[in-house]
file coords-v8.tsv (TSV, C-alpha atoms and all ligand atoms)
chain	number	residue	atom	x	y	z
Y	1	MET	CA	142.76	79.81	164.94
Y	2	PRO	CA	139.67	80.55	162.86
Y	3	LYS	CA	136.58	78.93	164.16
Y	4	ARG	CA	135.23	76.20	161.84
Y	5	THR	CA	131.74	76.78	160.70
Y	6	GLY	CA	130.69	73.14	160.54
Y	7	SER	CA	130.88	70.33	163.02
Y	8	PRO	CA	130.73	66.61	162.11
Y	9	GLN	CA	127.13	66.54	163.46
Y	10	ALA	CA	126.11	69.41	161.20
Y	11	THR	CA	127.72	67.71	158.19
Y	12	ARG	CA	125.79	64.51	158.92
Y	13	ALA	CA	122.58	66.51	159.20
Y	14	TRP	CA	123.25	68.13	155.81
Y	15	ILE	CA	123.91	64.76	154.21
Y	16	THR	CA	120.59	63.54	155.61
Y	17	VAL	CA	118.47	66.45	154.32
Y	18	LEU	CA	120.32	67.09	151.01
Y	19	PRO	CA	118.43	64.44	148.96
Y	20	PHE	CA	115.11	65.98	150.06
Y	21	ILE	CA	116.23	69.46	149.00
Y	22	VAL	CA	117.33	68.13	145.60
Y	23	LEU	CA	114.00	66.36	145.26
Y	24	LEU	CA	112.07	69.54	146.09
Y	25	ILE	CA	114.04	71.64	143.59
Y	26	SER	CA	113.53	69.02	140.86
Y	27	ALA	CA	109.81	68.92	141.53
Y	28	ALA	CA	109.58	72.71	141.37
Y	29	TYR	CA	111.55	72.81	138.11
Y	30	TRP	CA	109.38	70.14	136.55
Y	31	ARG	CA	106.24	72.06	137.52
Y	32	THR	CA	107.54	75.28	135.95
Y	33	SER	CA	108.76	73.71	132.73
Y	34	SER	CA	105.55	71.77	132.24
Y	35	GLU	CA	103.47	75.01	132.26
Y	36	PRO	CA	102.29	75.67	128.71
Y	37	GLN	CA	104.42	78.42	127.20
Y	38	LEU	CA	102.87	81.44	125.46
Y	39	PRO	CA	103.20	81.07	121.73
Y	40	ILE	CA	105.18	83.87	120.09
Y	41	ALA	CA	102.43	85.04	117.76
Y	42	LEU	CA	99.47	85.51	120.05
Y	43	THR	CA	96.12	86.46	118.69
Y	44	PRO	CA	94.07	88.88	120.80
Y	45	VAL	CA	91.57	86.11	121.42
Y	46	THR	CA	94.28	83.82	122.74
Y	47	VAL	CA	95.60	86.53	125.02
Y	48	GLN	CA	92.22	87.25	126.45
Y	49	THR	CA	91.38	83.60	126.95
Y	50	ARG	CA	94.69	82.98	128.69
Y	51	LEU	CA	94.40	86.02	130.88
Y	52	THR	CA	90.91	85.21	131.98
Y	53	THR	CA	91.76	81.59	132.72
Y	54	THR	CA	95.12	82.00	134.39
Y	55	VAL	CA	94.92	85.33	136.19
Y	56	PRO	CA	92.52	85.75	139.08
Y	57	SER	CA	89.96	88.48	138.62
Y	58	PRO	CA	90.25	91.43	138.91
Y	59	LEU	CA	93.29	91.58	136.69
Y	60	PRO	CA	96.27	93.31	138.22
Y	61	ALA	CA	97.08	96.52	136.35
Y	62	SER	CA	100.55	95.53	135.27
Y	63	PRO	CA	102.26	97.47	132.45
Y	64	THR	CA	102.49	94.32	130.33
Y	65	LEU	CA	98.78	93.71	130.38
Y	66	THR	CA	98.03	97.34	129.57
Y	67	ALA	CA	100.41	97.35	126.64
Y	68	THR	CA	98.86	94.24	125.19
Y	69	ALA	CA	95.36	95.60	125.56
Y	70	THR	CA	96.11	98.88	123.79
Y	71	ALA	CA	98.31	97.51	121.04
Y	72	THR	CA	95.73	95.12	119.66
Y	73	PRO	CA	91.99	95.54	119.34
Y	74	THR	CA	90.33	93.37	121.92
Y	75	CYS	CA	87.59	91.07	120.88
Y	76	THR	CA	85.74	88.20	122.39
Y	77	PRO	CA	85.83	84.80	120.76
Y	78	THR	CA	82.09	84.98	120.18
Y	79	ALA	CA	82.18	88.33	118.37
Y	80	THR	CA	80.88	88.24	114.83
Y	81	ALA	CA	80.80	90.85	112.11
Y	82	THR	CA	77.05	90.70	111.75
Y	83	PRO	CA	74.92	93.23	113.60
Y	84	THR	CA	72.85	90.49	115.23
Y	85	ARG	CA	73.51	90.31	118.94
Y	86	THR	CA	72.68	87.82	121.61
Y	87	PRO	CA	70.56	89.03	124.50
Y	88	THR	CA	73.35	88.25	126.96
Y	89	ARG	CA	75.71	90.85	125.57
Y	90	THR	CA	76.43	93.79	127.82
Y	91	PRO	CA	77.58	97.26	126.75
Y	92	THR	CA	81.04	96.76	128.24
Y	93	ARG	CA	81.66	93.72	126.06
Y	94	MET	CA	81.05	95.34	122.68
Y	95	PRO	CA	83.24	93.77	120.05
Y	96	THR	CA	85.86	95.80	118.30
Y	97	PRO	CA	87.06	94.75	114.88
Y	98	THR	CA	89.43	91.94	114.24
Y	99	PRO	CA	92.82	93.09	112.98
Y	100	THR	CA	92.53	91.02	109.81
Y	101	ALA	CA	91.00	93.74	107.61
Y	102	THR	CA	94.04	95.79	106.67
Y	103	SER	CA	93.28	97.03	103.20
Y	104	THR	CA	95.33	100.21	103.73
Y	105	PRO	CA	98.32	101.07	105.87
Y	106	THR	CA	96.61	104.06	107.52
Y	107	PRO	CA	98.09	104.34	111.00
Y	108	THR	CA	95.58	104.06	113.80
Y	109	PRO	CA	95.94	106.88	116.28
Y	110	LEU	CA	96.14	105.51	119.78
Y	111	ARG	CA	94.66	107.87	122.29
Y	112	PRO	CA	96.62	108.41	125.47
Y	113	THR	CA	94.68	108.47	128.72
Y	114	PRO	CA	92.68	111.70	128.82
Y	115	ASP	CA	94.46	113.99	131.26
Y	116	GLY	CA	91.29	115.46	132.77
Y	117	VAL	CA	92.08	119.03	131.76
Y	118	LEU	CA	89.02	120.97	130.63
Y	119	ARG	CA	89.86	122.45	127.23
Y	120	GLN	CA	87.90	124.53	124.78
Y	121	VAL	CA	88.59	125.26	121.14
Y	122	ARG	CA	86.80	126.80	118.21
Y	123	VAL	CA	86.94	124.52	115.18
Y	124	PRO	CA	84.21	124.79	112.51
Y	125	ILE	CA	82.96	121.31	111.59
Y	126	LEU	CA	81.30	122.01	108.25
Y	127	MET	CA	78.30	119.81	107.50
Y	128	TYR	CA	77.53	119.00	103.88
Y	129	HIS	CA	75.09	116.52	102.37
Y	130	HIS	CA	74.89	116.50	98.57
Y	131	ILE	CA	77.57	118.10	96.42
Y	132	GLU	CA	75.49	118.36	93.26
Y	133	ASP	CA	73.37	120.61	91.14
Y	134	PRO	CA	69.95	119.64	92.48
Y	135	PRO	CA	67.65	117.88	90.01
Y	136	PRO	CA	65.06	120.18	88.35
Y	137	ASN	CA	62.19	118.67	90.34
Y	138	ALA	CA	64.01	118.96	93.68
Y	139	ASP	CA	61.92	120.05	96.64
Y	140	PRO	CA	63.12	122.84	98.97
Y	141	ILE	CA	64.68	120.35	101.40
Y	142	ARG	CA	66.71	118.69	98.64
Y	143	ARG	CA	67.80	122.08	97.31
Y	144	ASP	CA	68.90	123.12	100.79
Y	145	LEU	CA	70.93	119.91	101.15
Y	146	SER	CA	72.59	120.32	97.74
Y	147	VAL	CA	75.67	122.52	97.40
Y	148	SER	CA	76.60	122.85	93.74
Y	149	PRO	CA	80.08	121.57	92.77
Y	150	ARG	CA	80.92	125.08	91.51
Y	151	GLU	CA	80.05	126.63	94.83
Y	152	PHE	CA	81.81	123.88	96.75
Y	153	LYS	CA	84.95	124.48	94.71
Y	154	ARG	CA	84.79	128.21	95.49
Y	155	GLN	CA	84.43	127.43	99.18
Y	156	LEU	CA	87.43	125.11	99.18
Y	157	ARG	CA	89.51	127.66	97.29
Y	158	TYR	CA	88.57	130.30	99.84
Y	159	LEU	CA	89.52	128.01	102.75
Y	160	LYS	CA	92.85	127.28	101.10
Y	161	GLN	CA	93.60	130.95	100.46
Y	162	GLU	CA	92.71	131.85	104.04
Y	163	GLY	CA	95.16	129.29	105.40
Y	164	TYR	CA	92.66	126.79	106.78
Y	165	GLU	CA	93.99	123.26	107.26
Y	166	SER	CA	91.61	120.33	107.37
Y	167	ILE	CA	91.96	118.09	110.40
Y	168	THR	CA	90.02	114.99	111.43
Y	169	LEU	CA	87.65	114.49	114.33
Y	170	ASN	CA	90.37	112.31	115.87
Y	171	ASP	CA	92.68	115.35	115.84
Y	172	LEU	CA	90.04	117.49	117.51
Y	173	VAL	CA	89.46	114.98	120.31
Y	174	LEU	CA	93.18	114.44	120.80
Y	175	PHE	CA	93.51	118.18	121.37
Y	176	LEU	CA	90.55	118.29	123.76
Y	177	THR	CA	91.59	115.24	125.79
Y	178	VAL	CA	95.38	115.38	125.87
Y	179	GLY	CA	96.31	118.74	124.38
Y	180	LYS	CA	97.83	117.47	121.12
Y	181	PRO	CA	98.45	120.69	119.18
Y	182	LEU	CA	96.23	121.74	116.28
Y	183	PRO	CA	97.23	123.84	113.27
Y	184	PRO	CA	96.54	127.59	113.57
Y	185	LYS	CA	93.37	127.53	111.44
Y	186	PRO	CA	91.83	124.07	111.73
Y	187	ILE	CA	88.66	123.04	109.96
Y	188	ILE	CA	86.78	119.75	109.64
Y	189	LEU	CA	84.77	118.89	106.52
Y	190	THR	CA	81.98	116.35	107.06
Y	191	PHE	CA	79.54	114.83	104.59
Y	192	ASP	CA	76.41	113.04	105.79
Y	193	ASP	CA	74.62	110.02	104.31
Y	194	GLY	CA	77.30	108.86	101.82
Y	195	TYR	CA	75.64	109.94	98.56
Y	196	GLN	CA	77.16	108.94	95.23
Y	197	ASP	CA	78.23	112.55	94.61
Y	198	ALA	CA	80.64	112.19	97.55
Y	199	TYR	CA	82.72	110.13	95.13
Y	200	THR	CA	82.00	111.87	91.84
Y	201	GLN	CA	82.08	115.50	93.06
Y	202	ALA	CA	83.40	115.98	96.60
Y	203	PHE	CA	86.28	113.52	96.48
Y	204	PRO	CA	88.15	114.95	93.44
Y	205	LEU	CA	87.76	118.52	94.67
Y	206	LEU	CA	88.94	117.66	98.19
Y	207	GLN	CA	91.99	115.99	96.68
Y	208	ARG	CA	92.66	118.93	94.39
Y	209	PHE	CA	92.79	121.35	97.32
Y	210	GLY	CA	94.52	118.95	99.69
Y	211	PHE	CA	91.68	118.60	102.19
Y	212	VAL	CA	90.51	115.57	104.16
Y	213	GLY	CA	86.79	114.81	104.21
Y	214	THR	CA	84.96	112.77	106.85
Y	215	PHE	CA	82.01	110.84	105.42
Y	216	PHE	CA	79.21	109.47	107.61
Y	217	LEU	CA	77.70	106.36	106.04
Y	218	VAL	CA	74.26	104.77	106.30
Y	219	THR	CA	75.54	101.27	105.70
Y	220	SER	CA	72.32	99.51	104.62
Y	221	PHE	CA	72.38	101.63	101.44
Y	222	LEU	CA	75.88	100.42	100.62
Y	223	ASP	CA	75.01	96.82	101.45
Y	224	ALA	CA	72.04	97.02	99.07
Y	225	GLY	CA	74.17	98.42	96.25
Y	226	ASN	CA	71.89	101.44	95.94
Y	227	PRO	CA	73.38	103.49	93.05
Y	228	ASP	CA	72.39	106.81	94.69
Y	229	TYR	CA	74.93	106.07	97.42
Y	230	LEU	CA	78.60	105.20	97.62
Y	231	SER	CA	79.67	101.63	96.98
Y	232	TRP	CA	81.99	99.80	99.34
Y	233	GLU	CA	84.63	99.77	96.58
Y	234	GLN	CA	84.46	103.56	96.34
Y	235	VAL	CA	84.76	103.80	100.11
Y	236	GLN	CA	87.93	101.72	99.99
Y	237	GLU	CA	89.38	103.79	97.17
Y	238	MET	CA	88.63	107.07	98.95
Y	239	HIS	CA	89.96	105.75	102.24
Y	240	ALA	CA	93.19	104.69	100.56
Y	241	ALA	CA	93.48	108.32	99.37
Y	242	GLY	CA	93.19	109.60	102.96
Y	243	MET	CA	89.45	110.19	103.38
Y	244	LYS	CA	87.76	109.18	106.66
Y	245	PHE	CA	84.60	107.10	107.10
Y	246	GLU	CA	82.39	106.87	110.16
Y	247	PRO	CA	78.94	105.38	110.83
Y	248	HIS	CA	75.67	107.27	110.56
Y	249	SER	CA	73.51	104.24	111.54
Y	250	TYR	CA	72.23	101.24	109.61
Y	251	ASP	CA	69.15	102.82	108.05
Y	252	HIS	CA	68.83	106.34	109.47
Y	253	PRO	CA	66.11	105.94	112.12
Y	254	ASP	CA	65.22	108.11	115.10
Y	255	LEU	CA	67.42	106.58	117.82
Y	256	ARG	CA	65.58	108.06	120.78
Y	257	ASN	CA	63.77	105.79	123.27
Y	258	ARG	CA	65.21	102.61	121.83
Y	259	GLY	CA	66.32	99.41	123.52
Y	260	PHE	CA	69.87	98.26	123.91
Y	261	GLN	CA	69.82	95.62	121.18
Y	262	TYR	CA	68.32	97.99	118.65
Y	263	LEU	CA	71.03	100.56	119.32
Y	264	VAL	CA	73.77	97.93	119.05
Y	265	PHE	CA	72.31	96.93	115.68
Y	266	GLN	CA	72.21	100.55	114.48
Y	267	ILE	CA	75.58	101.61	115.87
Y	268	VAL	CA	77.95	98.66	116.26
Y	269	GLY	CA	76.87	96.85	113.07
Y	270	PRO	CA	77.70	99.83	110.79
Y	271	LYS	CA	80.88	100.51	112.75
Y	272	GLU	CA	82.14	96.99	112.13
Y	273	ALA	CA	81.03	96.97	108.49
Y	274	ILE	CA	83.07	100.11	107.79
Y	275	GLU	CA	86.06	98.96	109.82
Y	276	GLU	CA	86.24	95.72	107.89
Y	277	ARG	CA	86.53	97.69	104.64
Y	278	THR	CA	88.96	100.34	105.80
Y	279	GLY	CA	90.96	98.52	108.45
Y	280	GLU	CA	90.73	101.65	110.58
Y	281	PRO	CA	88.70	101.89	113.81
Y	282	CYS	CA	85.62	104.11	113.61
Y	283	ARG	CA	85.54	106.53	116.54
Y	284	PHE	CA	82.75	108.97	115.65
Y	285	PHE	CA	79.05	108.76	115.03
Y	286	ALA	CA	76.63	111.18	113.41
Y	287	TYR	CA	73.18	110.98	115.00
Y	288	PRO	CA	70.59	110.38	112.25
Y	289	SER	CA	68.75	113.68	111.81
Y	290	GLY	CA	70.61	114.87	114.90
Y	291	ARG	CA	68.32	112.92	117.24
Y	292	TYR	CA	69.74	111.16	120.29
Y	293	ASP	CA	69.22	110.60	124.00
Y	294	GLN	CA	71.48	109.71	126.93
Y	295	PHE	CA	71.17	105.97	126.29
Y	296	VAL	CA	72.49	106.42	122.74
Y	297	ILE	CA	75.53	108.17	124.21
Y	298	ASP	CA	75.96	105.36	126.77
Y	299	VAL	CA	76.00	102.74	124.01
Y	300	LEU	CA	78.43	104.80	121.93
Y	301	ARG	CA	80.80	105.14	124.88
Y	302	SER	CA	80.67	101.44	125.64
Y	303	ALA	CA	81.38	100.65	121.97
Y	304	HIS	CA	84.64	102.64	122.16
Y	305	PHE	CA	83.49	105.71	120.30
Y	306	TRP	CA	85.35	108.91	121.10
Y	307	GLY	CA	82.56	111.31	120.21
Y	308	ALA	CA	79.54	112.14	118.08
Y	309	VAL	CA	78.37	115.05	115.96
Y	310	LEU	CA	75.06	116.89	116.01
Y	311	THR	CA	73.18	118.83	113.37
Y	312	GLU	CA	72.89	121.78	115.77
Y	313	GLN	CA	74.84	124.89	114.90
Y	314	GLY	CA	78.05	125.76	116.69
Y	315	ALA	CA	81.82	125.67	116.39
Y	316	LEU	CA	82.96	125.89	120.01
Y	317	HIS	CA	83.95	122.53	121.50
Y	318	THR	CA	84.86	121.53	125.05
Y	319	SER	CA	86.44	118.39	126.42
Y	320	ASP	CA	83.30	117.58	128.43
Y	321	GLY	CA	81.07	117.68	125.35
Y	322	LEU	CA	82.63	115.12	123.00
Y	323	PHE	CA	79.30	113.39	122.27
Y	324	THR	CA	77.54	116.65	121.44
Y	325	LEU	CA	79.91	118.20	118.90
Y	326	ARG	CA	78.07	120.96	117.06
Y	327	ARG	CA	78.51	121.63	113.37
Y	328	VAL	CA	78.17	124.43	110.87
Y	329	ARG	CA	75.53	123.64	108.25
Y	330	ILE	CA	76.37	124.73	104.72
Y	331	HIS	CA	73.15	125.42	102.83
Y	332	GLY	CA	72.63	124.86	99.13
Y	333	GLY	CA	72.24	128.21	97.43
Y	334	ASP	CA	74.46	130.05	99.94
Y	335	ASP	CA	76.73	132.51	98.14
Y	336	MET	CA	80.28	133.20	99.22
Y	337	ASP	CA	79.27	136.07	101.49
Y	338	ALA	CA	76.90	133.79	103.36
Y	339	PHE	CA	79.57	131.08	103.54
Y	340	ILE	CA	82.16	133.47	104.98
Y	341	ARG	CA	79.66	134.91	107.45
Y	342	THR	CA	78.78	131.40	108.67
Y	343	LEU	CA	82.40	130.43	108.93
Y	344	ASN	CA	83.30	133.40	111.08
Y	345	LEU	CA	80.41	133.42	113.51
Y	346	GLU	CA	81.57	133.14	117.11
Y	347	TRP	CA	79.53	130.55	118.88
I	401	ZN	ZN	71.68	111.91	107.70

call {"tool": "encode", "arguments": {"input": "coords-v8.tsv", "output": "structure tokens"}}
result
Amino acid sequence: MPKRTGSPQATRAWITVLPFIVLLISAAYWRTSSEPQLPIALTPVTVQTRLTTTVPSPLPASPTLTATATATPTCTPTATATPTRTPTRTPTRMPTPTPTATSTPTPTPLRPTPDGVLRQVRVPILMYHHIEDPPPNADPIRRDLSVSPREFKRQLRYLKQEGYESITLNDLVLFLTVGKPLPPKPIILTFDDGYQDAYTQAFPLLQRFGFVGTFFLVTSFLDAGNPDYLSWEQVQEMHAAGMKFEPHSYDHPDLRNRGFQYLVFQIVGPKEAIEERTGEPCRFFAYPSGRYDQFVIDVLRSAHFWGAVLTEQGALHTSDGLFTLRRVRIHGGDDMDAFIRTLNLEW
């Protein structure tokens, strides 16, 4: 005969404790269901507030949290679009733009975690300033900074014929940090200061030859509506056509030996101003007149920049030198022989 599993005493004991068990389960269920539920459409601010209030610090590195953090730009509730900063702000809490400015559908490249491999590649980053016939009274510096539209067109035609393909600085860093392949003959075309001729001369020629230009803007000139420089409307039009825009400071000062707040004003303010117009994160900075120190790099890193370009000559880039990317200066008055010689120098 099979042995019974319950005796009358055991049954009585169960009857006695059963109401308590039911009570406990009900209490637990009530507690769970009364927790506020996450709304479906979370804003980044809401996520951050919830995480910081409900999850003990440090946050566990769960896949869900990581995915949320990378899919949406993080920002603090106190972040504003103005370059003014409170003294309590620390470099690690730099604001990134709000996702509301989406004037164009340009996809934002998300960078995978750098894999730590040391890579090196030769990519000429051409540095232009004016694309114009210099005014008759131009001094030697202005003439050197001014490549005539005719000459610029010849240079672009040459690059096209030789099979060069323009890439962006994002592409370069993606190669250096995670090995994302580059085309066989990559080249990057950069234009400093955001002069008006970037729109009237450079832009149509770049489009004609199918090249992407990266334009470094001094944003106070645009804010002031200075007619010698691009307007914000032109920036938006060019960006919609595939051109890239990155900050070159607020008003082009020497950034060496500066305090934290001053650098935030000169770096993060312009970054946000551009991002609000283009809807695309800025990841690169051009040091005004090529001047920088280690603290400038520290602030750039903490503000989520991926790299910065110099005015020093060079075309060889390594994955441990992303904030000292050298460029190839194109001088006004250079003929095609000089241009080709510069392009092909190994260094
Ligand atoms: Zn400049």

call {"tool": "residues_around", "arguments": {"input": "coords-v8.tsv", "residues": "segment 331-338 of chain Y", "least_positions_apart": "4", "cutoff": "9 Å", "atoms": "all atoms listed in the file", "output": "PyMOL selection string"}}
result
chain Y and resi 127-128+130-131+134+142-148+151+154-155+158+342-343

call {"tool": "closest_atom_pairs", "arguments": {"input": "coords-v8.tsv", "of": "chain Y", "to": "ligand ZN 401 (chain I)", "cutoff": "10 Å", "atoms": "only C-alpha atoms and all ligand atoms", "output": "Markdown table"}}
result
| residue | atom | partner | partner_atom | distance |
| --- | --- | --- | --- | --- |
| Y:Tyr128 | CA | I:ZN401 | ZN | 10.0 |
| Y:His129 | CA | I:ZN401 | ZN | 7.8 |
| Y:Phe191 | CA | I:ZN401 | ZN | 8.9 |
| Y:Asp192 | CA | I:ZN401 | ZN | 5.2 |
| Y:Asp193 | CA | I:ZN401 | ZN | 4.9 |
| Y:Gly194 | CA | I:ZN401 | ZN | 8.7 |
| Y:Phe216 | CA | I:ZN401 | ZN | 7.9 |
| Y:Leu217 | CA | I:ZN401 | ZN | 8.4 |
| Y:Val218 | CA | I:ZN401 | ZN | 7.7 |
| Y:His248 | CA | I:ZN401 | ZN | 6.8 |
| Y:Ser249 | CA | I:ZN401 | ZN | 8.8 |
| Y:Asp251 | CA | I:ZN401 | ZN | 9.4 |
| Y:His252 | CA | I:ZN401 | ZN | 6.5 |
| Y:Pro253 | CA | I:ZN401 | ZN | 9.3 |
| Y:Ala286 | CA | I:ZN401 | ZN | 7.6 |
| Y:Tyr287 | CA | I:ZN401 | ZN | 7.5 |
| Y:Pro288 | CA | I:ZN401 | ZN | 4.9 |
| Y:Ser289 | CA | I:ZN401 | ZN | 5.3 |
| Y:Gly290 | CA | I:ZN401 | ZN | 7.9 |
| Y:Thr311 | CA | I:ZN401 | ZN | 9.1 |

call {"tool": "atom_distance", "arguments": {"input": "coords-v8.tsv", "atom1": "atom CA of Ile188 of chain Y", "atom2": "atom CA of Leu156 of chain Y"}}
result
11.8 Å

call {"tool": "atom_distance", "arguments": {"input": "coords-v8.tsv", "atom1": "atom CA of Ile167 of chain Y", "atom2": "atom CA of Pro124 of chain Y"}}
result
10.5 Å

call {"tool": "closest_residue", "arguments": {"input": "coords-v8.tsv", "among": "Y:Asp293, Y:Asp171, Y:Asp223, Y:Glu246", "to": "Leu110 of chain Y", "atoms": "only C-alpha atoms"}}
result
Y:Asp171
